[in-house]
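Visitor: See my_file_18.cif below, with mmCIF, C-alpha atoms.
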data_query
loop_
_atom_site.label_atom_id
_atom_site.label_comp_id
_atom_site.auth_asym_id
_atom_site.auth_seq_id
_atom_site.Cartn_x
_atom_site.Cartn_y
_atom_site.Cartn_z
CA MET Y 166 -5.70 14.97 -3.38
CA LEU Y 167 -2.68 13.17 -4.78
CA GLN Y 168 -0.42 15.55 -2.89
CA ILE Y 169 -2.15 14.72 0.40
CA LEU Y 170 -1.83 11.01 -0.31
CA GLN Y 171 1.85 11.37 -1.19
CA GLN Y 172 2.78 13.07 2.05
CA PRO Y 173 3.37 11.02 5.18
CA TRP Y 174 0.02 10.28 6.82
CA PRO Y 175 -0.62 11.52 10.37
CA TRP Y 176 -0.74 9.03 13.24
CA TYR Y 177 -4.50 9.28 13.83
CA VAL Y 178 -5.29 8.31 10.22
CA ALA Y 179 -2.86 5.39 10.27
CA GLY Y 180 -3.94 4.28 13.75
CA ALA Y 181 -7.64 4.35 12.87
CA LEU Y 182 -7.09 2.35 9.66
CA ILE Y 183 -4.99 -0.26 11.47
CA GLY Y 184 -7.60 -0.46 14.22
CA LEU Y 185 -10.27 -1.13 11.59
CA ILE Y 186 -8.35 -4.20 10.41
CA VAL Y 187 -9.50 -5.91 13.64
CA PRO Y 188 -13.24 -5.80 12.81
CA ALA Y 189 -12.55 -6.28 9.09
CA LEU Y 190 -10.90 -9.67 9.66
CA LEU Y 191 -13.50 -10.69 12.24
CA LEU Y 192 -16.40 -9.78 9.97
CA LEU Y 193 -14.88 -11.30 6.84
CA GLY Y 194 -14.33 -14.70 8.40
CA ASN Y 195 -13.91 -14.78 12.19
CA LYS Y 196 -10.16 -14.31 11.86
CA HIS Y 197 -8.15 -12.82 14.71
CA PHE Y 198 -5.67 -10.16 13.64
CA GLY Y 199 -2.06 -11.26 13.92
CA ILE Y 200 0.93 -11.63 11.67
CA SER Y 201 3.74 -13.50 13.40
CA ALA Y 202 1.73 -16.74 13.22
CA ASN Y 203 2.46 -16.89 9.50
CA LEU Y 204 6.12 -17.49 10.35
CA ARG Y 205 4.95 -20.58 12.20
CA HIS Y 206 2.71 -21.62 9.33
CA ALA Y 207 5.73 -21.27 7.04
CA CYS Y 208 7.65 -23.67 9.31
CA ALA Y 209 4.69 -26.05 9.45
CA ALA Y 210 4.37 -26.00 5.67
CA CYS Y 211 8.05 -26.19 4.73
CA PHE Y 212 10.14 -27.65 7.57
CA PRO Y 213 7.90 -29.39 10.13
CA ALA Y 214 10.73 -31.88 10.91
CA GLY Y 215 8.36 -33.94 13.04
CA ILE Y 216 8.21 -31.21 15.70
CA LYS Y 217 4.92 -31.31 17.56
CA PHE Y 218 4.65 -27.53 17.53
CA PHE Y 219 4.50 -27.57 13.73
CA ARG Y 220 2.11 -30.47 13.33
CA TYR Y 221 -1.26 -28.97 12.57
CA ASP Y 222 -3.41 -28.24 9.58
CA TRP Y 223 -1.53 -25.19 8.23
CA LYS Y 224 -3.73 -25.14 5.13
CA LYS Y 225 -6.53 -23.87 7.33
CA GLU Y 226 -4.33 -20.84 7.97
CA MET Y 227 -3.85 -20.09 4.28
CA TRP Y 228 -5.72 -16.83 4.75
CA ASN Y 229 -2.74 -15.47 6.70
CA PHE Y 230 -0.42 -15.96 3.71
CA PHE Y 231 -2.87 -14.03 1.52
CA PHE Y 232 -2.97 -11.32 4.18
CA VAL Y 233 0.83 -10.84 4.27
CA GLY Y 234 0.91 -11.16 0.48
CA GLY Y 235 -1.41 -8.15 0.52
CA ILE Y 236 0.96 -6.24 2.80
CA LEU Y 237 3.78 -6.90 0.35
CA ALA Y 238 1.63 -5.87 -2.62
CA GLY Y 239 0.40 -2.74 -0.80
CA ALA Y 240 3.99 -1.72 -0.16
CA VAL Y 241 4.93 -2.22 -3.82
CA ILE Y 242 1.91 -0.19 -4.96
CA THR Y 243 2.73 2.64 -2.54
CA ALA Y 244 6.40 2.71 -3.49
CA LEU Y 245 5.49 2.91 -7.19
CA LEU Y 246 2.41 5.14 -7.19
CA LEU Y 247 2.42 7.19 -4.00
CA PRO Y 248 6.05 7.77 -3.06
CA ASN Y 249 6.79 10.59 -0.64
CA PRO Y 250 8.67 13.19 -2.71
CA ASP Y 251 10.44 14.62 0.34
CA PRO Y 252 13.22 12.98 2.34
CA VAL Y 253 12.22 11.31 5.60
CA VAL Y 254 12.47 13.72 8.53
CA VAL Y 255 14.50 12.37 11.44
CA ASN Y 256 14.60 13.87 14.94
CA PRO Y 257 17.80 16.02 15.09
CA ALA Y 258 18.92 14.33 18.31
CA LEU Y 259 18.68 10.91 16.65
CA ALA Y 260 20.36 12.14 13.47
CA LYS Y 261 23.26 13.51 15.56
CA GLU Y 262 23.59 10.26 17.50
CA LEU Y 263 23.53 8.14 14.34
CA ALA Y 264 26.06 10.41 12.63
CA GLY Y 265 28.43 9.49 15.48
CA TYR Y 266 28.26 5.88 14.24
CA GLY Y 267 28.77 6.92 10.62
CA ILE Y 268 25.11 6.56 9.70
CA THR Y 269 24.30 9.64 7.68
CA SER Y 270 22.05 8.40 4.84
CA GLN Y 271 18.59 9.67 5.69
CA GLY Y 272 16.73 9.91 2.43
CA SER Y 273 14.66 6.78 2.91
CA LEU Y 274 12.91 4.74 5.58
CA LEU Y 275 15.90 2.48 6.24
CA PRO Y 276 19.54 3.55 6.73
CA ALA Y 277 21.50 2.30 3.72
CA GLU Y 278 24.63 1.71 5.84
CA LEU Y 279 22.85 -1.16 7.57
CA PHE Y 280 20.01 -2.25 5.26
CA SER Y 281 21.86 -3.08 2.07
CA TRP Y 282 23.80 -6.08 0.78
CA SER Y 283 27.10 -4.40 1.65
CA GLY Y 284 25.65 -3.54 5.06
CA LEU Y 285 24.67 -7.16 5.58
CA PHE Y 286 28.27 -8.26 5.13
CA SER Y 287 29.56 -5.84 7.75
CA LEU Y 288 29.79 -7.14 11.33
CA ARG Y 289 27.27 -4.71 12.81
CA GLY Y 290 24.90 -5.09 9.84
CA SER Y 291 24.85 -8.87 10.08
CA ILE Y 292 24.23 -8.73 13.85
CA LEU Y 293 21.34 -6.33 13.29
CA LEU Y 294 19.69 -8.10 10.36
CA VAL Y 295 20.35 -11.76 11.15
CA GLY Y 296 20.37 -11.51 14.95
CA GLY Y 297 17.50 -9.05 15.07
CA GLY Y 298 15.42 -11.13 12.68
CA PHE Y 299 16.05 -14.24 14.75
CA LEU Y 300 14.88 -12.46 17.92
CA VAL Y 301 11.75 -11.20 16.14
CA GLY Y 302 10.84 -14.75 15.13
CA PHE Y 303 11.87 -16.51 18.34
CA GLY Y 304 10.50 -13.85 20.68
CA SER Y 305 7.15 -13.37 18.99
CA ARG Y 306 6.40 -17.09 19.08
CA TYR Y 307 7.66 -17.46 22.64
CA ALA Y 308 5.40 -14.57 23.66
CA GLY Y 309 2.52 -16.04 21.67
CA GLY Y 310 2.15 -13.09 19.33
CA CYS Y 311 3.70 -9.88 18.06
CA THR Y 312 2.64 -6.24 18.04
CA SER Y 313 -0.41 -6.93 15.91
CA GLY Y 314 -1.53 -10.02 17.82
CA HIS Y 315 -0.87 -8.87 21.36
CA ALA Y 316 -0.68 -5.05 21.31
CA ILE Y 317 -3.60 -4.54 18.94
CA MET Y 318 -5.82 -7.64 18.82
CA GLY Y 319 -5.11 -8.74 22.40
CA LEU Y 320 -5.62 -5.31 23.94
CA SER Y 321 -8.74 -4.68 21.82
CA ASN Y 322 -10.10 -7.90 23.25
CA LEU Y 323 -9.11 -6.84 26.83
CA GLN Y 324 -6.71 -9.73 27.41
CA TRP Y 325 -4.45 -8.86 30.32
CA PRO Y 326 -1.69 -11.35 29.29
CA SER Y 327 -1.47 -9.30 26.10
CA LEU Y 328 -0.91 -6.18 28.19
CA VAL Y 329 1.97 -7.98 29.93
CA ALA Y 330 3.42 -8.97 26.54
CA THR Y 331 3.04 -5.42 25.18
CA VAL Y 332 4.77 -3.89 28.21
CA MET Y 333 7.59 -6.42 27.76
CA PHE Y 334 7.88 -5.60 24.03
CA MET Y 335 8.39 -1.96 24.98
CA ALA Y 336 10.79 -2.80 27.83
CA GLY Y 337 12.89 -5.01 25.55
CA GLY Y 338 12.92 -2.28 22.92
CA PHE Y 339 13.90 0.48 25.35
CA ILE Y 340 16.77 -1.54 26.80
CA THR Y 341 18.03 -2.66 23.42
CA ALA Y 342 17.73 0.65 21.59
CA ASN Y 343 19.40 2.67 24.34
CA LEU Y 344 21.98 0.28 25.78
CA LEU Y 345 22.68 -2.53 23.31
CA LEU Y 346 22.26 -0.88 19.92
CA PRO Y 347 24.95 1.82 20.55
CA LEU Y 348 27.46 -0.95 21.33
CA ILE Y 349 26.58 -2.84 18.15
CA LEU Y 350 26.67 0.30 15.98
CA HIS Y 351 30.16 1.11 17.32
CA LEU Y 352 31.50 -2.16 15.83
CA MET L 221 -23.09 -18.71 -6.65
CA GLN L 222 -23.13 -21.55 -4.21
CA THR L 223 -21.18 -21.33 -1.02
CA THR L 224 -19.69 -24.59 0.09
CA ILE L 225 -19.68 -24.89 3.83
CA GLN L 226 -18.28 -28.04 5.29
CA PRO L 227 -17.56 -28.64 8.94
CA VAL L 228 -13.91 -29.19 9.81
CA LYS L 229 -13.09 -32.85 10.14
CA GLN L 230 -12.37 -33.72 13.75
CA VAL L 231 -9.55 -36.22 13.91
CA PRO L 232 -9.83 -38.26 17.12
CA GLY L 233 -7.13 -37.35 19.59
CA ASN L 234 -6.14 -34.33 17.58
CA ALA L 235 -5.38 -31.51 19.98
CA ASP L 236 -4.75 -29.26 17.01
CA PHE L 237 -6.96 -26.40 18.07
CA GLU L 238 -5.93 -26.55 21.69
CA VAL L 239 -2.23 -26.65 20.92
CA ARG L 240 -2.47 -23.72 18.60
CA SER L 241 -4.74 -21.53 20.67
CA LEU L 242 -2.42 -21.75 23.67
CA ASP L 243 0.49 -20.45 21.67
CA THR L 244 -0.94 -17.72 19.62
CA ILE L 245 -3.29 -14.85 19.91
CA CYS L 246 -4.36 -14.77 16.30
CA ILE L 247 -6.17 -18.03 15.88
CA ASN L 248 -8.41 -18.86 13.00
CA GLU L 249 -11.71 -19.35 14.75
CA SER L 250 -13.70 -20.19 11.67
CA VAL L 251 -15.06 -23.70 11.28
CA GLN L 252 -16.37 -22.93 7.82
CA ARG L 253 -14.50 -24.12 4.77
CA HIS L 254 -14.53 -22.05 1.62
CA PRO L 255 -12.88 -22.38 -1.78
CA TRP L 256 -9.30 -21.10 -1.71
CA TRP L 257 -10.06 -18.02 -3.75
CA TYR L 258 -12.22 -16.69 -0.93
CA ASN L 259 -8.87 -15.76 0.60
CA PHE L 260 -8.54 -12.85 -1.82
CA LYS L 261 -10.61 -10.77 0.60
CA TYR L 262 -7.74 -11.06 3.09
CA LEU L 263 -5.34 -10.02 0.35
CA ALA L 264 -7.40 -6.84 -0.07
CA VAL L 265 -7.24 -6.09 3.67
CA GLY L 266 -3.49 -6.74 3.55
CA ILE L 267 -3.04 -4.27 0.70
CA VAL L 268 -4.69 -1.49 2.74
CA PHE L 269 -2.44 -2.42 5.66
CA GLY L 270 0.66 -2.35 3.43
CA VAL L 271 -0.22 1.11 2.10
CA VAL L 272 -0.73 2.43 5.66
CA PHE L 273 2.58 0.92 6.78
CA ILE L 274 4.49 2.90 4.17
CA LYS L 275 2.49 6.12 4.22
CA ALA L 276 2.63 6.45 8.00
CA GLU L 277 6.32 5.40 8.01
CA ILE L 278 5.63 2.66 10.56
CA ILE L 279 8.14 0.45 8.78
CA SER L 280 10.85 3.08 9.18
CA TRP L 281 13.85 2.03 11.24
CA PHE L 282 14.23 5.71 12.19
CA ARG L 283 10.66 5.97 13.54
CA ILE L 284 11.20 2.89 15.71
CA GLN L 285 14.43 4.34 17.09
CA GLU L 286 12.62 7.62 17.84
CA MET L 287 9.90 5.69 19.64
CA PHE L 288 12.33 3.83 21.90
CA ARG L 289 14.22 7.06 22.62
CA LEU L 290 11.01 8.99 23.39
CA GLN L 291 11.90 11.44 20.62
CA SER L 292 8.58 11.26 18.81
CA PHE L 293 4.94 10.73 19.65
CA HIS L 294 4.15 9.29 16.22
CA MET L 295 4.31 5.54 16.95
CA TYR L 296 2.57 5.91 20.30
CA GLY L 297 -0.20 7.79 18.55
CA VAL L 298 -0.53 5.11 15.86
CA ILE L 299 -0.61 2.17 18.28
CA GLY L 300 -2.85 4.02 20.77
CA THR L 301 -5.40 4.98 18.12
CA ALA L 302 -5.35 1.47 16.64
CA VAL L 303 -6.01 -0.11 20.04
CA LEU L 304 -8.81 2.35 20.78
CA VAL L 305 -10.53 1.75 17.43
CA GLY L 306 -10.02 -2.01 17.81
CA MET L 307 -11.47 -1.98 21.33
CA ILE L 308 -14.57 -0.08 20.28
CA SER L 309 -15.04 -2.42 17.31
CA VAL L 310 -14.75 -5.57 19.42
CA TRP L 311 -17.11 -4.08 21.98
CA LEU L 312 -19.68 -3.29 19.27
CA ILE L 313 -19.37 -6.79 17.77
CA ARG L 314 -19.96 -8.35 21.18
CA ARG L 315 -22.64 -5.93 22.28
CA PHE L 316 -24.77 -6.43 19.17
CA ASN L 317 -23.68 -10.02 18.55
CA ILE L 318 -22.68 -9.16 14.99
CA LYS L 319 -22.04 -12.16 12.73
CA THR L 320 -19.51 -12.61 9.94
CA ILE L 321 -20.56 -11.91 6.35
CA HIS L 322 -21.08 -15.68 6.03
CA GLY L 323 -23.44 -15.70 9.01
CA GLU L 324 -21.01 -17.35 11.39
CA GLU L 325 -20.89 -16.27 15.03
CA ILE L 326 -17.75 -14.32 15.95
CA THR L 327 -15.98 -15.98 18.86
CA PHE L 328 -13.42 -14.84 21.42
CA HIS L 329 -11.45 -16.96 23.85
CA PRO L 330 -9.72 -15.69 26.96
CA LYS L 331 -5.93 -15.85 26.79
CA LYS L 332 -4.02 -17.60 29.53
CA PHE L 333 -1.00 -16.00 31.10
CA ASN L 334 2.32 -17.80 30.93
CA ARG L 335 5.86 -16.63 31.58
CA GLY L 336 6.62 -16.90 27.88
CA GLN L 337 4.84 -13.60 27.45
CA VAL L 338 7.50 -12.01 29.67
CA TYR L 339 10.65 -13.71 28.31
CA GLY L 340 9.46 -13.85 24.74
CA GLY L 341 8.19 -10.28 24.97
CA LEU L 342 11.60 -8.98 26.04
CA LEU L 343 13.35 -10.90 23.24
CA PHE L 344 10.83 -9.72 20.67
CA GLY L 345 11.23 -6.11 21.86
CA ALA L 346 14.99 -6.45 21.38
CA GLY L 347 14.50 -7.73 17.84
CA TRP L 348 12.04 -4.92 17.11
CA ALA L 349 14.57 -2.29 18.21
CA LEU L 350 17.42 -3.85 16.18
CA THR L 351 15.59 -4.44 12.90
CA GLY L 352 13.12 -1.58 13.21
CA ALA L 353 10.41 -4.04 12.22
CA CYS L 354 7.89 -6.45 13.62
CA PRO L 355 6.65 -9.33 11.46
CA GLY L 356 4.17 -7.24 9.42
CA PRO L 357 6.53 -4.40 8.54
CA LEU L 358 9.14 -6.96 7.40
CA PHE L 359 6.94 -7.77 4.41
CA ALA L 360 6.30 -4.09 3.75
CA GLN L 361 10.01 -3.24 3.90
CA ILE L 362 10.69 -5.91 1.27
CA GLY L 363 7.85 -4.49 -0.81
CA THR L 364 9.50 -1.06 -0.93
CA GLY L 365 12.47 -2.69 -2.63
CA ALA L 366 14.72 -3.34 0.37
CA LEU L 367 15.27 -6.93 -0.73
CA VAL L 368 18.00 -7.46 1.86
CA VAL L 369 15.21 -7.58 4.45
CA GLY L 370 14.44 -10.99 2.95
CA VAL L 371 17.43 -12.14 5.03
CA VAL L 372 15.77 -10.73 8.17
CA LEU L 373 12.56 -12.57 7.27
CA LEU L 374 14.36 -15.89 6.74
CA SER L 375 16.14 -15.36 10.04
CA ALA L 376 12.77 -14.74 11.72
CA VAL L 377 11.45 -18.02 10.27
CA ALA L 378 14.59 -19.72 11.62
CA GLY L 379 13.94 -18.16 15.03
CA THR L 380 10.37 -19.42 15.00
CA TRP L 381 11.58 -22.89 14.07
CA MET L 382 14.17 -22.87 16.87
CA TYR L 383 11.45 -21.91 19.32
CA GLY L 384 9.37 -24.86 18.13
CA TYR L 385 12.38 -27.14 18.52
CA PHE L 386 13.26 -26.03 22.06
CA ARG L 387 9.71 -25.31 23.19
CA GLU L 388 9.41 -28.12 25.71
CA LYS L 389 12.67 -27.12 27.41
CA LEU L 390 11.86 -23.43 27.75
CA PRO L 391 10.21 -21.96 30.85
CA HIS L 392 6.60 -20.99 30.27
#
Mind turning this structure into structure tokens?

Guide:
Amino acid sequence: MLQILQQPWPWYVAGALIGLIVPALLLLGNKHFGISANLRHACAACFPAGIKFFRYDWKKEMWNFFFVGGILAGAVITALLLPNPDPVVVNPALAKELAGYGITSQGSLLPAELFSWSGLFSLRGSILLVGGGFLVGFGSRYAGGCTSGHAIMGLSNLQWPSLVATVMFMAGGFITANLLLPLILHL
Amino acid sequence: MQTTIQPVKQVPGNADFEVRSLDTICINESVQRHPWWYNFKYLAVGIVFGVVFIKAEIISWFRIQEMFRLQSFHMYGVIGTAVLVGMISVWLIRRFNIKTIHGEEITFHPKKFNRGQVYGGLLFGAGWALTGACPGPLFAQIGTGALVVGVVLLSAVAGTWMYGYFREKLPH
């Protein structure tokens, strides 16, 4: 049992569990699944700066902070109690491509050359972490939601604007990963 | 144990709900007010989500790169299954008019299209491909001990703030 739990879980198990978060939140308190909104609540709570967009009763959205707190705690628990004993398997074509940029560390879920304090202070690392993070925050709010809000909650609820957003998420990702990222990793 | 249910105070001229619902998909539809510790149930749901994130390697930068290079079916399978299960659940809730555990009616509002979903979507997709994370996985990545991702998270908050600041000037 423990061995099964320790191994990476297949997509249909993960997908079904994530899908069940939608009814869980609805049934527990009429809450619509979505995560990027908590970035907005953080702004509203900490730096509203008189901006209309951040003037609302963020305390009503406290549940979302508990929800992401749970995500953090779940990750800590998994890392401590259920770590995968084997190194992460990466598609050989991707491994070969990344090796061309000097990214060869593949033991964990994140490449250490980019996702470390020394990586942060390299040019390409700072573009990826700071620039990428900025785009995640700016883009998700501009689009009115992220993967959880639009791709999962919005599509579950048959909202066609969410389908547009999801297609654009994928388009932005395809363009960036294939055209832009190689340029940045060459730096 | 007594449940305290108070209606939300309606401030005259407060377009709070309207403003928020136009900008976000995940609105808090509940008009009930509960003691703060009721929120621990959302913590529990979050923990399950966090465990799934790590065990299915959804927070992996490598998995995201494989997805955008069409080198793996994994992420498509995860998202596809999640949407399917979510769709069936929402359909069942609507079909049988299922209420929340507190007896409140579950409500859905149609989402309006605006061009922000196109421009913002493209920018978000770019950020997703660079960081290998969307907002949820950011928290999970930090939880695995990659504390440097805290910088990504702060940057995402800064991006959200900048959007709020320039919102009126941006095409929607």

Visitor: For Y:Leu285, which residue out of L:Ala276, L:Val372, L:Leu390, L:Ala378 is the nearest one, using all atoms listed in the file?

Guide: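 Once distances to Y:Leu285 are computed over all atoms listed in the file, the minimum belongs to L:Val372.
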
Visitor: Check what the PyMOL selection byres ((chain Y and resi 206) around 10) selects in the file above and give those residues as a list in words.

Guide: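 Given this file, the PyMOL selection byres ((chain Y and resi 206) around 10) evaluates to Ser201, Ala202, Asn203, Leu204, Arg205, Ala207, Cys208, Ala209, Ala210, Cys211, Phe212, Pro213, Phe219, Arg220, Tyr221, Asp222, Trp223, Lys224, Lys225, Glu226, Met227, Asn229 and Phe230 of chain Y; Val377 and Thr380 of chain L.
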
Visitor: When you look at stretch 319-335 of chain L with a cut-off of 8 Å (counting only C-alpha atoms), what residues show up, excluding the ones that are within fewer than 4 positions of it in the same chain? I need them as an NGL selection string.

Guide: (:Y and (191-195 or 322 or 324-327)) or (:L and (242 or 245 or 249-250 or 313 or 339 or 391-392))

Visitor: Pull C-alpha atoms from the residues just selected and write them as a PDB file, in the coordinates of the input.

Guide:
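selection26.pdb was written with the following content:
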ATOM      1  CA  LEU Y 191     -13.500 -10.690  12.240  1.00  0.00           C
ATOM      2  CA  LEU Y 192     -16.400  -9.780   9.970  1.00  0.00           C
ATOM      3  CA  LEU Y 193     -14.880 -11.300   6.840  1.00  0.00           C
ATOM      4  CA  GLY Y 194     -14.330 -14.700   8.400  1.00  0.00           C
ATOM      5  CA  ASN Y 195     -13.910 -14.780  12.190  1.00  0.00           C
ATOM      6  CA  ASN Y 322     -10.100  -7.900  23.250  1.00  0.00           C
ATOM      7  CA  GLN Y 324      -6.710  -9.730  27.410  1.00  0.00           C
ATOM      8  CA  TRP Y 325      -4.450  -8.860  30.320  1.00  0.00           C
ATOM      9  CA  PRO Y 326      -1.690 -11.350  29.290  1.00  0.00           C
ATOM     10  CA  SER Y 327      -1.470  -9.300  26.100  1.00  0.00           C
TER      11      SER Y 327
ATOM     12  CA  LEU L 242      -2.420 -21.750  23.670  1.00  0.00           C
ATOM     13  CA  ILE L 245      -3.290 -14.850  19.910  1.00  0.00           C
ATOM     14  CA  GLU L 249     -11.710 -19.350  14.750  1.00  0.00           C
ATOM     15  CA  SER L 250     -13.700 -20.190  11.670  1.00  0.00           C
ATOM     16  CA  ILE L 313     -19.370  -6.790  17.770  1.00  0.00           C
ATOM     17  CA  TYR L 339      10.650 -13.710  28.310  1.00  0.00           C
ATOM     18  CA  PRO L 391      10.210 -21.960  30.850  1.00  0.00           C
ATOM     19  CA  HIS L 392       6.600 -20.990  30.270  1.00  0.00           C
TER      20      HIS L 392
END

Visitor: Under the rule that all atoms listed in the file are counted, which of Y:Gly319, Y:Val254, Y:Gly199, Y:Val233 is the nearest residue to L:Leu358?

Guide: Y:Val233

Visitor: Between atom CA of L:Val310 and atom CA of Y:Val187, what distance in Å does the model show, to one decimal?

Guide: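 Straight-line distance from atom CA of L:Val310 to atom CA of Y:Val187 works out to 7.8 Å.
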
Visitor: Counting only C-alpha atoms, figure out which residue out of L:Ile279, L:Ile267, L:Leu304, L:Leu367 gets nearest to chain Y.

Guide: L:Ile267

Visitor: Measure the distance from atom CA of L:Phe282 to atom CA of L:Phe359 in Å and round it to one decimal.

Guide: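 According to the coordinates, atom CA of L:Phe282 and atom CA of L:Phe359 are separated by 17.2 Å.
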
Visitor: Would you translate the PyMOL selection byres ((chain Y and resi 351) around 10) into the concrete set of residues it matches in this file, as a PyMOL selection string?

Guide: chain Y and resi 265-267+289+346-350+352

Visitor: Smallest atom-to-atom distance to Y:Leu344: which of L:Ser292, L:Leu350, L:Leu312, L:Gly266, using all atoms listed in the file?

Guide: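 Under the stated criterion, the closest residue is L:Leu350.
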
Visitor: Which of these, L:Ser309, L:Trp256, L:Gly356, L:Phe293, has the shortest distance to Y:Gly234 once you count only C-alpha atoms?

Guide: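 Under the stated criterion, the closest residue is L:Gly356.
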
Visitor: Using all atoms listed in the file, which residues sit within 9 Å of L:Ala376 once same-chain residues fewer than 3 positions away are excluded, as a list in words?

Guide: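 Contacts, with the query itself left out: Leu204, Val295, Gly296, Gly297, Gly298, Phe299, Leu300, Val301, Gly302 and Phe303 of chain Y; Pro355, Val371, Val372, Leu373, Gly379, Thr380 and Trp381 of chain L.
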
Visitor: In Å to one decimal, how far is atom CA of L:Gly352 from atom CA of Y:Gly290?

Guide: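 Atom-to-atom, atom CA of Y:Gly290 and atom CA of L:Gly352 are spaced 12.7 Å apart.
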
Visitor: Using only C-alpha atoms, pick whichever of Y:Ala258, Y:Leu237, Y:Ile268, Y:Leu345 has the shortest atom-to-atom distance to L:Ala366.

Guide: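 When distances to L:Ala366 are compared using only C-alpha atoms, the smallest one comes from Y:Leu237.
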
Visitor: Do you know which residues are at most 8 Å from L:Ala353 counting only C-alpha atoms, after dropping those on the same chain fewer than 5 positions away, and could you put them as a PyMOL selection string?

Guide: chain L and resi 279-281+284+347-348+358

Visitor: Could the residues in this selection be written to a file with C-alpha atoms, as a PDB file, in the frame of the given file?

Guide:
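The result, stored in part-v3.pdb:
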ATOM      1  CA  ILE L 279       8.140   0.450   8.780  1.00  0.00           C
ATOM      2  CA  SER L 280      10.850   3.080   9.180  1.00  0.00           C
ATOM      3  CA  TRP L 281      13.850   2.030  11.240  1.00  0.00           C
ATOM      4  CA  ILE L 284      11.200   2.890  15.710  1.00  0.00           C
ATOM      5  CA  GLY L 347      14.500  -7.730  17.840  1.00  0.00           C
ATOM      6  CA  TRP L 348      12.040  -4.920  17.110  1.00  0.00           C
ATOM      7  CA  LEU L 358       9.140  -6.960   7.400  1.00  0.00           C
TER       8      LEU L 358
END

Visitor: Is there a way to complete stretch 178-191 of chain Y with N, CA and C atoms and then write that out as a PDB file, in the frame of the given file?

Guide:
ATOM      1  N   VAL Y 178      -4.740   8.977  11.409  1.00  0.00           N
ATOM      2  CA  VAL Y 178      -5.290   8.310  10.220  1.00  0.00           C
ATOM      3  C   VAL Y 178      -4.786   6.877  10.154  1.00  0.00           C
ATOM      4  N   ALA Y 179      -3.463   6.728  10.333  1.00  0.00           N
ATOM      5  CA  ALA Y 179      -2.860   5.390  10.270  1.00  0.00           C
ATOM      6  C   ALA Y 179      -3.403   4.511  11.389  1.00  0.00           C
ATOM      7  N   GLY Y 180      -3.476   5.061  12.602  1.00  0.00           N
ATOM      8  CA  GLY Y 180      -3.940   4.280  13.750  1.00  0.00           C
ATOM      9  C   GLY Y 180      -5.375   3.814  13.558  1.00  0.00           C
ATOM     10  N   ALA Y 181      -6.235   4.713  13.065  1.00  0.00           N
ATOM     11  CA  ALA Y 181      -7.640   4.350  12.870  1.00  0.00           C
ATOM     12  C   ALA Y 181      -7.761   3.249  11.817  1.00  0.00           C
ATOM     13  N   LEU Y 182      -7.007   3.364  10.720  1.00  0.00           N
ATOM     14  CA  LEU Y 182      -7.090   2.350   9.660  1.00  0.00           C
ATOM     15  C   LEU Y 182      -6.592   0.993  10.163  1.00  0.00           C
ATOM     16  N   ILE Y 183      -5.501   1.011  10.941  1.00  0.00           N
ATOM     17  CA  ILE Y 183      -4.990  -0.260  11.470  1.00  0.00           C
ATOM     18  C   ILE Y 183      -5.993  -0.847  12.461  1.00  0.00           C
ATOM     19  N   GLY Y 184      -6.584   0.018  13.280  1.00  0.00           N
ATOM     20  CA  GLY Y 184      -7.600  -0.460  14.220  1.00  0.00           C
ATOM     21  C   GLY Y 184      -8.765  -1.110  13.510  1.00  0.00           C
ATOM     22  N   LEU Y 185      -9.127  -0.587  12.329  1.00  0.00           N
ATOM     23  CA  LEU Y 185     -10.270  -1.130  11.590  1.00  0.00           C
ATOM     24  C   LEU Y 185      -9.974  -2.493  10.968  1.00  0.00           C
ATOM     25  N   ILE Y 186      -8.685  -2.869  10.919  1.00  0.00           N
ATOM     26  CA  ILE Y 186      -8.350  -4.200  10.410  1.00  0.00           C
ATOM     27  C   ILE Y 186      -8.911  -5.264  11.351  1.00  0.00           C
ATOM     28  N   VAL Y 187      -8.965  -4.944  12.648  1.00  0.00           N
ATOM     29  CA  VAL Y 187      -9.500  -5.910  13.640  1.00  0.00           C
ATOM     30  C   VAL Y 187     -10.931  -6.310  13.288  1.00  0.00           C
ATOM     31  N   PRO Y 188     -11.884  -5.371  13.176  1.00  0.00           N
ATOM     32  CA  PRO Y 188     -13.240  -5.800  12.810  1.00  0.00           C
ATOM     33  C   PRO Y 188     -13.321  -6.324  11.381  1.00  0.00           C
ATOM     34  N   ALA Y 189     -12.487  -5.805  10.473  1.00  0.00           N
ATOM     35  CA  ALA Y 189     -12.550  -6.280   9.090  1.00  0.00           C
ATOM     36  C   ALA Y 189     -12.290  -7.781   9.021  1.00  0.00           C
ATOM     37  N   LEU Y 190     -11.235  -8.241   9.703  1.00  0.00           N
ATOM     38  CA  LEU Y 190     -10.900  -9.670   9.660  1.00  0.00           C
ATOM     39  C   LEU Y 190     -11.937 -10.513  10.399  1.00  0.00           C
ATOM     40  N   LEU Y 191     -12.476  -9.955  11.494  1.00  0.00           N
ATOM     41  CA  LEU Y 191     -13.500 -10.690  12.240  1.00  0.00           C
ATOM     42  C   LEU Y 191     -14.760 -10.843  11.395  1.00  0.00           C
TER      43      LEU Y 191
END
